[in-house]
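Trainee: Next comes run_11.cif, mmCIF, C-alpha atoms:
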data_coords
loop_
_atom_site.group_PDB
_atom_site.id
_atom_site.type_symbol
_atom_site.label_atom_id
_atom_site.label_comp_id
_atom_site.auth_asym_id
_atom_site.auth_seq_id
_atom_site.Cartn_x
_atom_site.Cartn_y
_atom_site.Cartn_z
ATOM 1 C CA MET A 288 0.172 -22.884 -1.468
ATOM 2 C CA PRO A 289 2.121 -19.757 -0.386
ATOM 3 C CA LEU A 290 3.022 -16.994 -2.817
ATOM 4 C CA GLN A 291 6.342 -17.116 -4.603
ATOM 5 C CA ARG A 292 9.014 -15.151 -2.760
ATOM 6 C CA PHE A 293 10.502 -13.390 -5.778
ATOM 7 C CA THR A 294 9.125 -10.927 -8.305
ATOM 8 C CA ARG A 295 9.990 -8.259 -10.809
ATOM 9 C CA VAL A 296 9.267 -4.762 -9.497
ATOM 10 C CA TYR A 297 8.026 -2.146 -11.940
ATOM 11 C CA GLY A 298 7.277 1.457 -11.073
ATOM 12 C CA ILE A 299 6.071 3.283 -8.009
ATOM 13 C CA GLN A 300 2.483 4.475 -7.828
ATOM 14 C CA ASP A 301 2.171 5.930 -4.360
ATOM 15 C CA ALA A 302 4.147 6.791 -1.253
ATOM 16 C CA LYS A 303 3.024 8.069 2.116
ATOM 17 C CA ILE A 304 4.744 9.121 5.310
ATOM 18 C CA ALA A 305 3.428 9.104 8.861
ATOM 19 C CA PRO A 306 4.992 10.762 11.902
ATOM 20 C CA LEU A 307 6.187 8.251 14.518
ATOM 21 C CA THR A 308 4.513 9.463 17.705
ATOM 22 C CA SER A 309 5.605 6.711 20.105
ATOM 23 C CA ASP A 310 7.825 3.636 20.082
ATOM 24 C CA PRO A 311 7.721 2.004 23.522
ATOM 25 C CA ALA A 312 10.264 -0.747 24.106
ATOM 26 C CA THR A 313 7.578 -3.123 25.359
ATOM 27 C CA GLY A 314 4.592 -2.052 23.267
ATOM 28 C CA THR A 315 3.492 -1.230 19.745
ATOM 29 C CA PRO A 316 4.661 1.750 17.688
ATOM 30 C CA THR A 317 2.118 4.519 17.104
ATOM 31 C CA TYR A 318 2.020 6.665 13.982
ATOM 32 C CA GLY A 319 0.181 9.865 13.110
ATOM 33 C CA ALA A 320 -2.039 10.357 10.068
ATOM 34 C CA LEU A 321 -0.739 9.295 6.661
ATOM 35 C CA ILE A 322 0.557 12.128 4.468
ATOM 36 C CA ASP A 323 0.762 11.717 0.708
ATOM 37 C CA VAL A 324 4.141 12.249 -0.963
ATOM 38 C CA PRO A 325 2.736 13.939 -4.091
ATOM 39 C CA GLY A 326 4.081 12.924 -7.482
ATOM 40 C CA ILE A 327 6.405 10.228 -6.151
ATOM 41 C CA LYS A 328 9.197 9.611 -8.660
ATOM 42 C CA THR A 329 11.888 7.521 -6.960
ATOM 43 C CA PHE A 330 12.236 5.488 -3.761
ATOM 44 C CA GLU A 331 15.754 4.060 -3.568
ATOM 45 C CA ILE A 332 17.088 2.073 -0.625
ATOM 46 C CA SER A 333 20.757 1.429 0.045
ATOM 47 C CA GLY A 334 22.797 0.345 3.004
ATOM 48 C CA ASP A 335 26.225 -0.008 4.511
ATOM 49 C CA VAL A 336 27.829 -3.156 5.832
ATOM 50 C CA GLU A 337 30.756 -3.046 8.227
ATOM 51 C CA VAL A 338 33.105 -5.963 7.659
ATOM 52 C CA LYS A 339 35.713 -7.116 10.157
ATOM 53 C CA LYS A 340 38.323 -9.691 9.203
ATOM 54 C CA LEU A 341 40.352 -11.732 11.639
ATOM 55 C CA ARG A 342 43.783 -12.703 10.422
ATOM 56 C CA GLY A 343 46.384 -14.848 12.063
ATOM 57 C CA ASP A 344 48.890 -17.539 11.162
ATOM 58 C CA ASN A 345 49.379 -15.720 7.851
ATOM 59 C CA THR A 346 45.797 -16.463 6.748
ATOM 60 C CA GLN A 347 42.280 -15.200 7.090
ATOM 61 C CA LEU A 348 40.608 -16.965 10.022
ATOM 62 C CA ALA A 349 37.145 -15.391 10.092
ATOM 63 C CA THR A 350 34.959 -12.633 8.720
ATOM 64 C CA ASN A 351 32.123 -10.911 10.504
ATOM 65 C CA ALA A 352 29.722 -8.509 8.743
ATOM 66 C CA ALA A 353 26.988 -6.337 10.246
ATOM 67 C CA ILE A 354 24.542 -3.829 8.794
ATOM 68 C CA SER A 355 25.644 -0.405 9.949
ATOM 69 C CA ASN A 356 23.144 1.773 8.060
ATOM 70 C CA ILE A 357 20.038 1.608 5.893
ATOM 71 C CA GLN A 358 19.260 4.742 3.922
ATOM 72 C CA VAL A 359 16.481 5.831 1.567
ATOM 73 C CA SER A 360 16.528 8.547 -1.083
ATOM 74 C CA VAL A 361 13.176 9.855 -2.285
ATOM 75 C CA SER A 362 12.301 12.291 -5.055
ATOM 76 C CA TYR A 363 8.837 13.628 -5.753
ATOM 77 C CA ALA A 364 7.340 15.978 -8.320
ATOM 78 C CA LYS A 365 5.328 18.341 -6.123
ATOM 79 C CA MET A 366 6.583 20.185 -3.065
ATOM 80 C CA SER A 367 4.382 19.465 -0.036
ATOM 81 C CA LEU A 368 4.323 21.661 3.050
ATOM 82 C CA ASP A 369 2.735 18.811 5.037
ATOM 83 C CA VAL A 370 5.608 16.485 4.068
ATOM 84 C CA LEU A 371 8.133 19.146 5.129
ATOM 85 C CA ALA A 372 6.451 19.579 8.512
ATOM 86 C CA ALA A 373 6.418 15.813 9.083
ATOM 87 C CA ILE A 374 10.055 15.140 8.122
ATOM 88 C CA VAL A 375 11.780 18.370 9.207
ATOM 89 C CA GLY A 376 9.435 19.812 11.809
ATOM 90 C CA GLY A 377 7.845 23.229 11.980
ATOM 91 C CA THR A 378 4.221 24.136 11.440
ATOM 92 C CA VAL A 379 1.869 24.648 8.515
ATOM 93 C CA THR A 380 -0.797 27.340 8.853
ATOM 94 C CA ASP A 381 -3.607 28.426 6.574
ATOM 95 C CA SER A 382 -4.903 31.980 6.558
ATOM 96 C CA GLY A 383 -6.915 34.502 4.572
ATOM 97 C CA THR A 384 -10.042 34.242 2.493
ATOM 98 C CA THR A 385 -10.535 33.965 -1.255
ATOM 99 C CA PRO A 386 -8.945 35.524 -3.263
ATOM 100 C CA ALA A 387 -6.155 36.125 -0.738
ATOM 101 C CA GLN A 388 -5.733 32.695 0.881
ATOM 102 C CA LYS A 389 -2.291 31.421 1.719
ATOM 103 C CA THR A 390 -0.663 28.429 3.382
ATOM 104 C CA THR A 391 2.703 28.784 5.091
ATOM 105 C CA TRP A 392 5.301 26.349 6.416
ATOM 106 C CA ASP A 393 7.456 27.912 9.134
ATOM 107 C CA LEU A 394 10.590 26.300 10.507
ATOM 108 C CA THR A 395 11.739 28.021 13.662
ATOM 109 C CA SER A 396 14.990 27.880 15.613
ATOM 110 C CA ASP A 397 13.391 25.799 18.371
ATOM 111 C CA THR A 398 13.247 22.792 16.018
ATOM 112 C CA ALA A 399 16.487 21.270 17.301
ATOM 113 C CA THR A 400 16.014 17.665 16.254
ATOM 114 C CA MET A 401 14.411 16.083 13.226
ATOM 115 C CA PRO A 402 11.239 14.084 13.968
ATOM 116 C CA PRO A 403 11.096 10.339 13.203
ATOM 117 C CA PHE A 404 8.651 9.099 10.575
ATOM 118 C CA LYS A 405 7.566 6.017 8.630
ATOM 119 C CA LEU A 406 7.718 5.814 4.828
ATOM 120 C CA GLU A 407 5.801 3.341 2.686
ATOM 121 C CA GLY A 408 5.855 3.002 -1.094
ATOM 122 C CA VAL A 409 3.843 0.758 -3.399
ATOM 123 C CA THR A 410 4.048 -0.436 -6.995
ATOM 124 C CA PRO A 411 1.060 -0.064 -9.293
ATOM 125 C CA PRO A 412 -1.246 -3.092 -9.505
ATOM 126 C CA ASN A 413 0.384 -5.561 -11.909
ATOM 127 C CA GLY A 414 3.764 -3.950 -11.169
ATOM 128 C CA ILE A 415 4.920 -7.376 -9.980
ATOM 129 C CA ASP A 416 4.776 -10.915 -11.398
ATOM 130 C CA ILE A 417 1.364 -11.623 -9.815
ATOM 131 C CA ILE A 418 -1.488 -10.289 -11.960
ATOM 132 C CA GLY A 419 -3.531 -7.919 -9.811
ATOM 133 C CA GLY A 420 -0.916 -7.888 -7.040
ATOM 134 C CA ASP A 421 1.460 -5.237 -5.766
ATOM 135 C CA CYS A 422 4.568 -4.796 -3.628
ATOM 136 C CA HIS A 423 4.913 -2.506 -0.605
ATOM 137 C CA VAL A 424 8.200 -1.425 0.967
ATOM 138 C CA ILE A 425 8.009 0.040 4.473
ATOM 139 C CA LEU A 426 10.780 1.774 6.388
ATOM 140 C CA HIS A 427 9.414 1.857 9.927
ATOM 141 C CA LYS A 428 11.561 4.574 11.555
ATOM 142 C CA LEU A 429 13.427 7.200 9.547
ATOM 143 C CA THR A 430 15.185 10.437 10.385
ATOM 144 C CA LEU A 431 16.487 12.877 7.804
ATOM 145 C CA SER A 432 20.216 12.626 7.198
ATOM 146 C CA ALA A 433 20.360 15.914 5.264
ATOM 147 C CA PHE A 434 18.095 18.899 4.803
ATOM 148 C CA PRO A 435 15.609 18.234 1.956
ATOM 149 C CA ASP A 436 16.390 19.599 -1.506
ATOM 150 C CA LEU A 437 14.060 22.524 -2.176
ATOM 151 C CA GLY A 438 14.117 25.649 -4.303
ATOM 152 C CA PHE A 439 13.584 26.629 -7.895
ATOM 153 C CA ALA A 440 14.969 25.699 -11.325
ATOM 154 C CA GLU A 441 15.366 28.012 -14.300
ATOM 155 C CA GLU A 442 12.938 27.149 -17.097
ATOM 156 C CA ASP A 443 12.237 23.730 -15.611
ATOM 157 C CA TYR A 444 10.258 21.988 -12.891
ATOM 158 C CA ARG A 445 12.012 21.671 -9.541
ATOM 159 C CA ILE A 446 11.961 18.142 -8.156
ATOM 160 C CA ALA A 447 11.831 17.911 -4.361
ATOM 161 C CA SER A 448 13.842 15.202 -2.612
ATOM 162 C CA PHE A 449 15.131 13.981 0.715
ATOM 163 C CA THR A 450 17.466 11.368 2.153
ATOM 164 C CA ALA A 451 16.860 9.643 5.472
ATOM 165 C CA ASP A 452 18.545 7.026 7.652
ATOM 166 C CA ALA A 453 16.623 4.108 9.119
ATOM 167 C CA ASP A 454 16.770 2.949 12.710
ATOM 168 C CA PRO A 455 15.182 -0.216 14.073
ATOM 169 C CA LEU A 456 12.035 0.345 16.094
ATOM 170 C CA LEU A 457 12.465 -0.194 19.833
ATOM 171 C CA SER A 458 9.158 -2.041 20.077
ATOM 172 C CA ASN A 459 9.714 -4.798 17.484
ATOM 173 C CA LYS A 460 13.256 -4.229 16.123
ATOM 174 C CA LYS A 461 11.964 -3.772 12.524
ATOM 175 C CA TRP A 462 13.994 -1.623 10.115
ATOM 176 C CA ILE A 463 12.425 -2.471 6.790
ATOM 177 C CA SER A 464 9.615 -4.681 5.514
ATOM 178 C CA THR A 465 8.794 -5.773 1.973
ATOM 179 C CA VAL A 466 5.320 -7.188 1.376
ATOM 180 C CA ILE A 467 4.158 -8.934 -1.811
ATOM 181 C CA ASN A 468 0.365 -8.898 -2.038
ATOM 182 C CA GLU A 469 -1.620 -11.308 -4.170
ATOM 183 C CA THR A 470 -4.298 -8.610 -4.420
ATOM 184 C CA ALA A 471 -3.204 -4.975 -4.635
ATOM 185 C CA ALA A 472 -3.802 -3.043 -1.418
ATOM 186 C CA ALA A 473 -3.753 0.648 -0.554
ATOM 187 C CA ILE A 474 -1.131 2.002 1.845
ATOM 188 C CA SER A 475 -2.561 1.927 5.360
#
Output the structure of this file as structure tokens.

Mentor:
Amino acid sequence: MPLQRFTRVYGIQDAKIAPLTSDPATGTPTYGALIDVPGIKTFEISGDVEVKKLRGDNTQLATNAAISNIQVSVSYAKMSLDVLAAIVGGTVTDSGTTPAQKTTWDLTSDTATMPPFKLEGVTPPNGIDIIGGDCHVILHKLTLSAFPDLGFAEEDYRIASFTADADPLLSNKKWISTVINETAAAIS
């Protein structure tokens, strides 16, 4: 018997991004290595629908609606230079020796376009109706729609965040996938 197709969704335990390295129209998309989004707090998906109404004879004759945008907003507790490099571009370099090591993210003027990436989030085990199961949400091709929120906060922790727009993959037309697992599974 198949799993039920509805569930409560409680919490988010993990999220990872992966750079989209190729998306051939007649092949399979290829992604780079998974990068942890440290201290994931929120993963909120919204969308826009464009509605067209046809009127005539003093009445409504038809309505047509189409998805015009899918967007995700993410907030996470710990700033990650690897996440910044994957979603904005630039490079991360490590240098020095103990006790003077440092890691640096540099964004240069030759980063003209934002790179595409995949984002996947998962509930904790038992975060759904199925005991021992979980729920994954995958946005297959995202591009930032605004520069990520960074910086500092007076006498408080600064929460990092970003917002990105989804596009369908060329290879399989997927925008978003939601997977309910009977047995909890790691993001892969």

Trainee: I want to know what sits within 10 Å of Gln291 in chain A, based on all atoms listed in the file, with residues of the same chain fewer than 2 positions away left out; could you give that as a ChimeraX atom specification?

Mentor: /A:288-289,293-294,416-417,467,469

Trainee: Place a sphere of radius 6 Å on (31.9, -8.3, 10.4) in the file coordinates and name every protein, DNA or RNA residue with an atom inside or on its surface, counting all atoms listed in the file; give the answer as a PyMOL selection string.

Mentor: chain A and resi 337-339+350-353

Trainee: Could you check the closest approach to Ser464 in chain A for each of A:Glu331, A:Glu407, A:Glu442, A:Asp452 and tell me which residue wins, using all atoms listed in the file?

Mentor: A:Glu407

Trainee: Mind pulling up the distance from CA of Phe330 in chain A to CA of Ile415 in chain A?

Mentor: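 Separation between CA of Ile415 in chain A and CA of Phe330 in chain A: 16.1 Å.
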
Trainee: Taking the file as shown, find all residues satisfying the PyMOL selection byres ((chain A and resi 422) around 8) and write them as a PyMOL selection string.

Mentor: chain A and resi 296+409-410+414-415+420-421+423-424+465-468+471

Trainee: Measuring atom to atom with all atoms listed in the file, identify which of A:Ile474, A:Leu431, A:Ala453, A:Ile299 is nearest to Pro402 in chain A.

Mentor: A:Leu431

Trainee: Using only C-alpha atoms, which of the listed residues (A:Phe434, A:Trp462, A:Ser475, A:Pro311) sits closest to Ile354 in chain A?

Mentor: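 Residue with the minimum atom-to-atom distance to Ile354 in chain A: A:Trp462.
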
Trainee: Grab the CA of Ile418 in chain A to CA of Tyr297 in chain A distance for me, in Å with one decimal place.

Mentor: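 Taking CA of Ile418 in chain A and CA of Tyr297 in chain A, their separation equals 12.5 Å.
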
Trainee: Counting only C-alpha atoms, which residues come within 10 Å of (4.9, 9.1, -7.2), with the point read in the file's coordinates, and could you list them as an MDAnalysis selection string?

Mentor: chainID A and resid 298:303 323:330 361:365 408:410

Trainee: When you count all atoms listed in the file, which of these residues is closest to Leu371 in chain A: A:Ser309, A:Thr317, A:Ser355, A:Ser448?

Mentor: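 Closest residue, counting all atoms listed in the file: A:Ser448.
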
Trainee: With a distance cut-off of 12 Å and all atoms listed in the file, select the neighbouring residues of Gly319 in chain A, excluding the residue or stretch itself and same-chain residues fewer than 3 positions from it, and output the selection as a ChimeraX atom specification.

Mentor: /A:303-309,316,322,373,402-406,475

Trainee: Hey, which of A:Lys461, A:Thr384, A:Ala372, A:Pro412 ends up closest to Thr398 in chain A? Count only C-alpha atoms.

Mentor: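 Smallest distance to Thr398 in chain A is found for A:Ala372.
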
Trainee: Restricting the calculation to all atoms listed in the file: of A:Ala312, A:Ala387, A:Leu394, A:Leu290, which residue gets closest to Ser458 in chain A?

Mentor: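 With all atoms listed in the file as the atom set, the closest residue is A:Ala312.
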
Trainee: In Å, how far is it from CA of Val375 in chain A to CA of His427 in chain A?

Mentor: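 Computed distance, CA of Val375 in chain A to CA of His427 in chain A, equals 16.7 Å.
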
Trainee: Could you work out an axis-aligned bounding box for all listed atoms of range 414-424 of chain A, with 8 Å added on each of the six sides, and give its centre and edge lengths in Å to one decimal, as AutoDock Vina command-line options?

Mentor:
--center_x 2.3 --center_y -6.5 --center_z -5.5 --size_x 27.7 --size_y 26.2 --size_z 28.9

Trainee: Run through the PyMOL selection byres ((chain A and resi 381) around 12) on the given coordinates and return the selected residues as an mmCIF file with C-alpha atoms, in the coordinates of the input.

Mentor:
data_model
loop_
_atom_site.group_PDB
_atom_site.id
_atom_site.type_symbol
_atom_site.label_atom_id
_atom_site.label_comp_id
_atom_site.auth_asym_id
_atom_site.auth_seq_id
_atom_site.Cartn_x
_atom_site.Cartn_y
_atom_site.Cartn_z
ATOM 1 C CA LEU A 368 4.323 21.661 3.050
ATOM 2 C CA ASP A 369 2.735 18.811 5.037
ATOM 3 C CA THR A 378 4.221 24.136 11.440
ATOM 4 C CA VAL A 379 1.869 24.648 8.515
ATOM 5 C CA THR A 380 -0.797 27.340 8.853
ATOM 6 C CA SER A 382 -4.903 31.980 6.558
ATOM 7 C CA GLY A 383 -6.915 34.502 4.572
ATOM 8 C CA THR A 384 -10.042 34.242 2.493
ATOM 9 C CA THR A 385 -10.535 33.965 -1.255
ATOM 10 C CA ALA A 387 -6.155 36.125 -0.738
ATOM 11 C CA GLN A 388 -5.733 32.695 0.881
ATOM 12 C CA LYS A 389 -2.291 31.421 1.719
ATOM 13 C CA THR A 390 -0.663 28.429 3.382
ATOM 14 C CA THR A 391 2.703 28.784 5.091
ATOM 15 C CA TRP A 392 5.301 26.349 6.416
ATOM 16 C CA ASP A 393 7.456 27.912 9.134
#

Trainee: Rebuild range 371-397 of chain A so that it carries N, CA and C atoms, then output the result as an mmCIF file, in the coordinates of the input.

Mentor:
data_model
loop_
_atom_site.group_PDB
_atom_site.id
_atom_site.type_symbol
_atom_site.label_atom_id
_atom_site.label_comp_id
_atom_site.auth_asym_id
_atom_site.auth_seq_id
_atom_site.Cartn_x
_atom_site.Cartn_y
_atom_site.Cartn_z
ATOM 1 N N LEU A 371 7.040 18.426 4.463
ATOM 2 C CA LEU A 371 8.133 19.146 5.129
ATOM 3 C C LEU A 371 7.924 19.203 6.640
ATOM 4 N N ALA A 372 6.721 19.509 7.070
ATOM 5 C CA ALA A 372 6.451 19.579 8.512
ATOM 6 C C ALA A 372 6.657 18.224 9.181
ATOM 7 N N ALA A 373 6.297 17.148 8.487
ATOM 8 C CA ALA A 373 6.418 15.813 9.083
ATOM 9 C C ALA A 373 7.860 15.334 9.144
ATOM 10 N N ILE A 374 8.696 15.684 8.155
ATOM 11 C CA ILE A 374 10.055 15.140 8.122
ATOM 12 C C ILE A 374 11.104 16.082 8.690
ATOM 13 N N VAL A 375 10.820 17.392 8.686
ATOM 14 C CA VAL A 375 11.780 18.370 9.207
ATOM 15 C C VAL A 375 11.309 18.947 10.529
ATOM 16 N N GLY A 376 10.011 19.138 10.654
ATOM 17 C CA GLY A 376 9.435 19.812 11.809
ATOM 18 C C GLY A 376 8.825 21.126 11.359
ATOM 19 N N GLY A 377 8.479 21.966 12.311
ATOM 20 C CA GLY A 377 7.845 23.229 11.980
ATOM 21 C C GLY A 377 6.340 23.077 11.938
ATOM 22 N N THR A 378 5.677 24.130 11.472
ATOM 23 C CA THR A 378 4.221 24.136 11.440
ATOM 24 C C THR A 378 3.726 24.649 10.094
ATOM 25 N N VAL A 379 2.548 24.171 9.714
ATOM 26 C CA VAL A 379 1.869 24.648 8.515
ATOM 27 C C VAL A 379 0.598 25.357 8.973
ATOM 28 N N THR A 380 0.405 26.587 8.499
ATOM 29 C CA THR A 380 -0.797 27.340 8.853
ATOM 30 C C THR A 380 -1.477 27.842 7.591
ATOM 31 N N ASP A 381 -2.785 27.887 7.654
ATOM 32 C CA ASP A 381 -3.607 28.426 6.574
ATOM 33 C C ASP A 381 -4.232 29.716 7.066
ATOM 34 N N SER A 382 -4.308 30.707 6.167
ATOM 35 C CA SER A 382 -4.903 31.980 6.558
ATOM 36 C C SER A 382 -5.527 32.653 5.343
ATOM 37 N N GLY A 383 -6.300 33.707 5.624
ATOM 38 C CA GLY A 383 -6.915 34.502 4.572
ATOM 39 C C GLY A 383 -8.194 33.894 4.042
ATOM 40 N N THR A 384 -8.833 34.675 3.182
ATOM 41 C CA THR A 384 -10.042 34.242 2.493
ATOM 42 C C THR A 384 -9.863 34.511 1.013
ATOM 43 N N THR A 385 -10.629 33.817 0.196
ATOM 44 C CA THR A 385 -10.535 33.965 -1.255
ATOM 45 C C THR A 385 -10.802 35.416 -1.627
ATOM 46 N N PRO A 386 -10.028 36.035 -2.424
ATOM 47 C CA PRO A 386 -8.945 35.524 -3.263
ATOM 48 C C PRO A 386 -7.560 35.732 -2.666
ATOM 49 N N ALA A 387 -7.459 35.843 -1.355
ATOM 50 C CA ALA A 387 -6.155 36.125 -0.738
ATOM 51 C C ALA A 387 -5.766 35.049 0.268
ATOM 52 N N GLN A 388 -6.116 33.781 -0.014
ATOM 53 C CA GLN A 388 -5.733 32.695 0.881
ATOM 54 C C GLN A 388 -4.247 32.405 0.737
ATOM 55 N N LYS A 389 -3.672 31.899 1.808
ATOM 56 C CA LYS A 389 -2.291 31.421 1.719
ATOM 57 C C LYS A 389 -2.077 30.319 2.737
ATOM 58 N N THR A 390 -1.089 29.471 2.450
ATOM 59 C CA THR A 390 -0.663 28.429 3.382
ATOM 60 C C THR A 390 0.837 28.590 3.548
ATOM 61 N N THR A 391 1.308 28.486 4.780
ATOM 62 C CA THR A 391 2.703 28.784 5.091
ATOM 63 C C THR A 391 3.306 27.675 5.941
ATOM 64 N N TRP A 392 4.521 27.247 5.568
ATOM 65 C CA TRP A 392 5.301 26.349 6.416
ATOM 66 C C TRP A 392 6.377 27.198 7.060
ATOM 67 N N ASP A 393 6.440 27.178 8.383
ATOM 68 C CA ASP A 393 7.456 27.912 9.134
ATOM 69 C C ASP A 393 8.319 26.930 9.904
ATOM 70 N N LEU A 394 9.619 27.061 9.721
ATOM 71 C CA LEU A 394 10.590 26.300 10.507
ATOM 72 C C LEU A 394 11.275 27.305 11.414
ATOM 73 N N THR A 395 11.178 27.076 12.702
ATOM 74 C CA THR A 395 11.739 28.021 13.662
ATOM 75 C C THR A 395 12.986 27.441 14.326
ATOM 76 N N SER A 396 13.719 28.295 15.004
ATOM 77 C CA SER A 396 14.990 27.880 15.613
ATOM 78 C C SER A 396 14.808 26.902 16.764
ATOM 79 N N ASP A 397 13.583 26.750 17.272
ATOM 80 C CA ASP A 397 13.391 25.799 18.371
ATOM 81 C C ASP A 397 13.176 24.367 17.879
#
